[in-house]
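Visitor: File name work_26.cif; file contents mmCIF, C-alpha atoms; full text below.
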data_query
#
loop_
_atom_site.label_atom_id
_atom_site.label_comp_id
_atom_site.auth_asym_id
_atom_site.auth_seq_id
_atom_site.Cartn_x
_atom_site.Cartn_y
_atom_site.Cartn_z
CA MET A 196 132.71 93.84 112.72
CA ILE A 197 130.51 95.75 115.13
CA PHE A 198 126.80 95.12 114.68
CA GLY A 199 125.00 98.29 113.69
CA SER A 200 128.07 99.93 112.23
CA LYS A 201 127.22 102.70 109.77
CA SER A 202 129.80 101.32 107.37
CA ASP A 203 127.82 98.13 106.78
CA SER A 204 125.35 99.25 104.11
CA GLY A 205 124.75 95.66 102.98
CA GLN A 206 123.22 94.83 106.32
CA THR A 207 120.98 97.90 106.15
CA GLU A 208 119.84 96.91 102.66
CA GLN A 209 119.04 93.39 103.86
CA ILE A 210 116.99 94.77 106.76
CA ASP A 211 115.10 97.08 104.37
CA LYS A 212 114.40 94.13 102.06
CA LEU A 213 113.10 91.97 104.89
CA GLU A 214 110.91 94.79 106.23
CA LYS A 215 109.41 95.28 102.75
CA GLN A 216 108.72 91.55 102.44
CA ASN A 217 107.14 91.59 105.89
CA ARG A 218 104.75 94.40 104.88
CA ILE A 219 103.76 92.55 101.69
CA MET A 220 103.11 89.27 103.48
CA ARG A 221 101.27 90.98 106.33
CA ALA A 222 98.85 92.68 103.92
CA ALA A 223 97.98 89.32 102.34
CA LEU A 224 97.57 87.66 105.75
CA GLU A 225 95.33 90.48 106.96
CA PHE A 226 93.02 89.96 103.96
CA TYR A 227 92.61 86.24 104.65
CA ALA A 228 92.36 86.76 108.42
CA ASP A 229 89.53 89.28 108.10
CA VAL A 230 86.28 87.42 108.72
CA LYS A 231 84.26 89.73 106.46
CA ASN A 232 86.29 88.51 103.46
CA TRP A 233 84.94 85.00 104.12
CA GLU A 234 81.30 86.12 104.28
CA GLU A 235 79.13 85.65 101.22
CA GLY A 236 78.14 88.69 99.21
CA HIS A 237 80.99 90.92 100.33
CA LYS A 238 82.93 93.54 98.37
CA TYR A 239 86.68 94.08 98.54
CA ARG A 240 89.49 95.81 96.66
CA ASP A 241 91.84 93.76 94.52
CA GLU A 242 95.54 94.38 93.87
CA ASP A 243 94.70 96.89 91.13
CA ASN A 244 92.53 98.80 93.64
CA ALA A 245 89.38 97.81 91.74
CA THR A 246 86.28 97.14 93.82
CA ILE A 247 85.14 93.54 93.46
CA PHE A 248 81.54 92.70 94.34
CA THR A 249 80.81 89.07 95.04
CA ASP A 250 77.38 87.64 94.44
CA GLY A 251 75.42 86.19 97.32
CA SER A 252 76.89 82.71 96.94
CA GLU A 253 80.63 83.37 97.28
CA SER A 254 82.94 85.24 99.61
CA GLY A 255 85.71 87.62 98.60
CA ALA A 256 88.33 85.12 99.73
CA THR A 257 86.71 82.39 97.63
CA VAL A 258 86.60 84.61 94.54
CA ASP A 259 90.21 85.65 95.18
CA LYS A 260 91.30 81.98 95.03
CA GLY A 261 94.63 82.73 96.70
CA SER A 262 95.56 85.51 94.27
CA LYS A 263 96.68 87.86 97.07
CA ALA A 264 98.90 85.18 98.58
CA TYR A 265 100.37 84.31 95.17
CA ARG A 266 101.11 87.96 94.38
CA ALA A 267 102.66 88.48 97.82
CA LEU A 268 104.99 85.54 97.30
CA LYS A 269 105.99 86.75 93.83
CA ALA A 270 106.57 90.29 95.13
CA CYS A 271 108.77 88.94 97.93
CA ASP A 272 110.80 86.93 95.43
CA SER A 273 111.55 90.08 93.46
CA ALA A 274 112.06 92.36 96.48
#
Using C-alpha coordinates, write down the structure from this file.
Guide:
Amino acid sequence: MIFGSKSDSGQTEQIDKLEKQNRIMRAALEFYADVKNWEEGHKYRDEDNATIFTDGSESGATVDKGSKAYRALKACDSA
(Lines of atoms letter the chains of each structure in order from A and count residues from 1; the text may use other names and numbers.)
(Lines give C-alpha, C1' and ligand atoms only; values in the text may rest on other atoms or scores of the structure.)
Protein backbone atom coordinates (compact mmCIF):
# COMPACT_ATOMS: atom_id res chain seq x y z
CA MET A 1 0.00 0.00 0.00
CA ILE A 2 1.22 3.48 -0.84
CA PHE A 3 0.57 6.04 1.88
CA GLY A 4 -1.76 8.76 0.64
CA SER A 5 -3.33 6.61 -2.04
CA LYS A 6 -6.72 7.89 -3.14
CA SER A 7 -8.08 4.35 -2.94
CA ASP A 8 -7.69 4.22 0.84
CA SER A 9 -10.88 5.94 2.00
CA GLY A 10 -10.65 4.30 5.44
CA GLN A 11 -7.46 6.19 6.16
CA THR A 12 -9.05 9.47 5.06
CA GLU A 13 -12.04 8.81 7.32
CA GLN A 14 -9.72 8.11 10.26
CA ILE A 15 -7.84 11.37 9.63
CA ASP A 16 -11.13 13.29 9.47
CA LYS A 17 -12.25 11.69 12.74
CA LEU A 18 -9.01 12.57 14.50
CA GLU A 19 -9.11 16.16 13.19
CA LYS A 20 -12.68 16.52 14.51
CA GLN A 21 -11.66 15.15 17.91
CA ASN A 22 -8.71 17.55 17.94
CA ARG A 23 -11.00 20.55 17.33
CA ILE A 24 -13.36 19.44 20.12
CA MET A 25 -10.57 18.92 22.64
CA ARG A 26 -8.83 22.15 21.65
CA ALA A 27 -11.99 24.19 22.27
CA ALA A 28 -12.29 22.77 25.79
CA LEU A 29 -8.60 23.35 26.50
CA GLU A 30 -8.83 26.93 25.27
CA PHE A 31 -11.68 27.62 27.71
CA TYR A 32 -9.71 26.35 30.70
CA ALA A 33 -6.47 27.98 29.52
CA ASP A 34 -8.07 31.42 29.23
CA VAL A 35 -7.22 33.35 32.39
CA LYS A 36 -10.42 35.41 32.26
CA ASN A 37 -12.46 32.23 32.79
CA TRP A 38 -10.71 31.81 36.17
CA GLU A 39 -11.45 35.37 37.31
CA GLU A 40 -14.36 35.94 39.65
CA GLY A 41 -17.48 37.61 38.30
CA HIS A 42 -16.92 36.73 34.66
CA LYS A 43 -19.45 35.83 31.97
CA TYR A 44 -19.01 33.10 29.37
CA ARG A 45 -21.02 31.07 26.87
CA ASP A 46 -21.92 27.49 27.66
CA GLU A 47 -22.28 24.58 25.23
CA ASP A 48 -25.85 25.64 24.39
CA ASN A 49 -24.53 29.13 23.51
CA ALA A 50 -26.31 30.61 26.54
CA THR A 51 -24.55 33.44 28.33
CA ILE A 52 -23.67 32.50 31.89
CA PHE A 53 -23.02 35.28 34.39
CA THR A 54 -21.11 34.32 37.49
CA ASP A 55 -21.56 36.21 40.71
CA GLY A 56 -18.63 38.00 42.27
CA SER A 57 -17.48 34.98 44.26
CA GLU A 58 -16.95 32.36 41.55
CA SER A 59 -15.21 32.13 38.20
CA GLY A 60 -16.67 30.73 34.99
CA ALA A 61 -14.36 27.73 35.20
CA THR A 62 -15.47 27.06 38.77
CA VAL A 63 -19.16 27.26 37.83
CA ASP A 64 -18.50 25.03 34.81
CA LYS A 65 -17.12 22.30 37.12
CA GLY A 66 -15.45 20.48 34.23
CA SER A 67 -18.59 20.33 32.10
CA LYS A 68 -16.76 21.45 28.95
CA ALA A 69 -14.09 18.81 29.43
CA TYR A 70 -16.70 16.12 30.09
CA ARG A 71 -18.70 17.06 27.00
CA ALA A 72 -15.54 17.13 24.88
CA LEU A 73 -14.62 13.63 26.00
CA LYS A 74 -18.13 12.33 25.31
CA ALA A 75 -18.18 14.00 21.88
CA CYS A 76 -14.82 12.43 21.01
CA ASP A 77 -16.10 9.00 22.05
CA SER A 78 -19.00 9.33 19.62
CA ALA A 79 -17.01 10.97 16.81
Visitor: When you look at A:Asp259 with a cut-off of 12 Å (counting all atoms listed in the file), what residues show up, excluding the ones that are within fewer than 4 positions of it in the same chain? I need them as a list in words.
Guide: Ala223, Phe226, Tyr227, Asn232, Trp233, His237, Lys238, Tyr239, Arg240, Asp241, Glu242, Ile247, Phe248, Thr249, Glu253, Ser254, Gly255, Lys263, Ala264, Tyr265 and Arg266 of chain A
Visitor: Would you work out the distance separating atom CA of A:Leu268 from atom CA of A:Asp250, expressed in Å to one decimal?
Guide: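 Going from atom CA of A:Leu268 over to atom CA of A:Asp250, I get 27.8 Å.
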Visitor: Do a neighbour search on A:Ile219 at 9 Å with all atoms listed in the file, toss out local chain neighbours closer than 4 positions, and write the hits as a PyMOL selection string.
Guide: chain A and resi 214-215+223-224+267-268+270-271
Visitor: Of the residues A:Thr246, A:Gln216, A:Ser252, A:Thr207, which is the one nearest to A:Ala274, using all atoms listed in the file?
Guide: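 Result for the nearest residue to A:Ala274: A:Gln216.
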Visitor: In Å, how far is it from atom CA of A:Thr257 to atom CA of A:Glu235?
Guide: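 Rounded to one decimal, the two atoms are 9.0 Å apart.
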Visitor: What is the distance, in Å and to one decimal place, between atom CA of A:Ala256 and atom CA of A:Ala222?
Guide: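 Spanning atom CA of A:Ala256 to atom CA of A:Ala222 is a straight-line distance of 13.6 Å.
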Visitor: Which one is closest to A:Ser273: A:Asn244, A:Lys231, A:Ser204, A:Lys212? Count only C-alpha atoms.
Guide: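 Of A:Asn244, A:Lys231, A:Ser204, A:Lys212, the one nearest A:Ser273, counting only C-alpha atoms, is A:Lys212.
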Visitor: Using the file's own x, y and z axes, what box holds all listed atoms of stretch 230-244 of chain A with 5 Å on each side, keeping edges along x, y and z, and what are its centre and edge lengths in Å to one decimal, as JSON?
Guide:
{"center_x": 86.8, "center_y": 91.9, "center_z": 99.9, "size_x": 27.4, "size_y": 23.8, "size_z": 27.6}
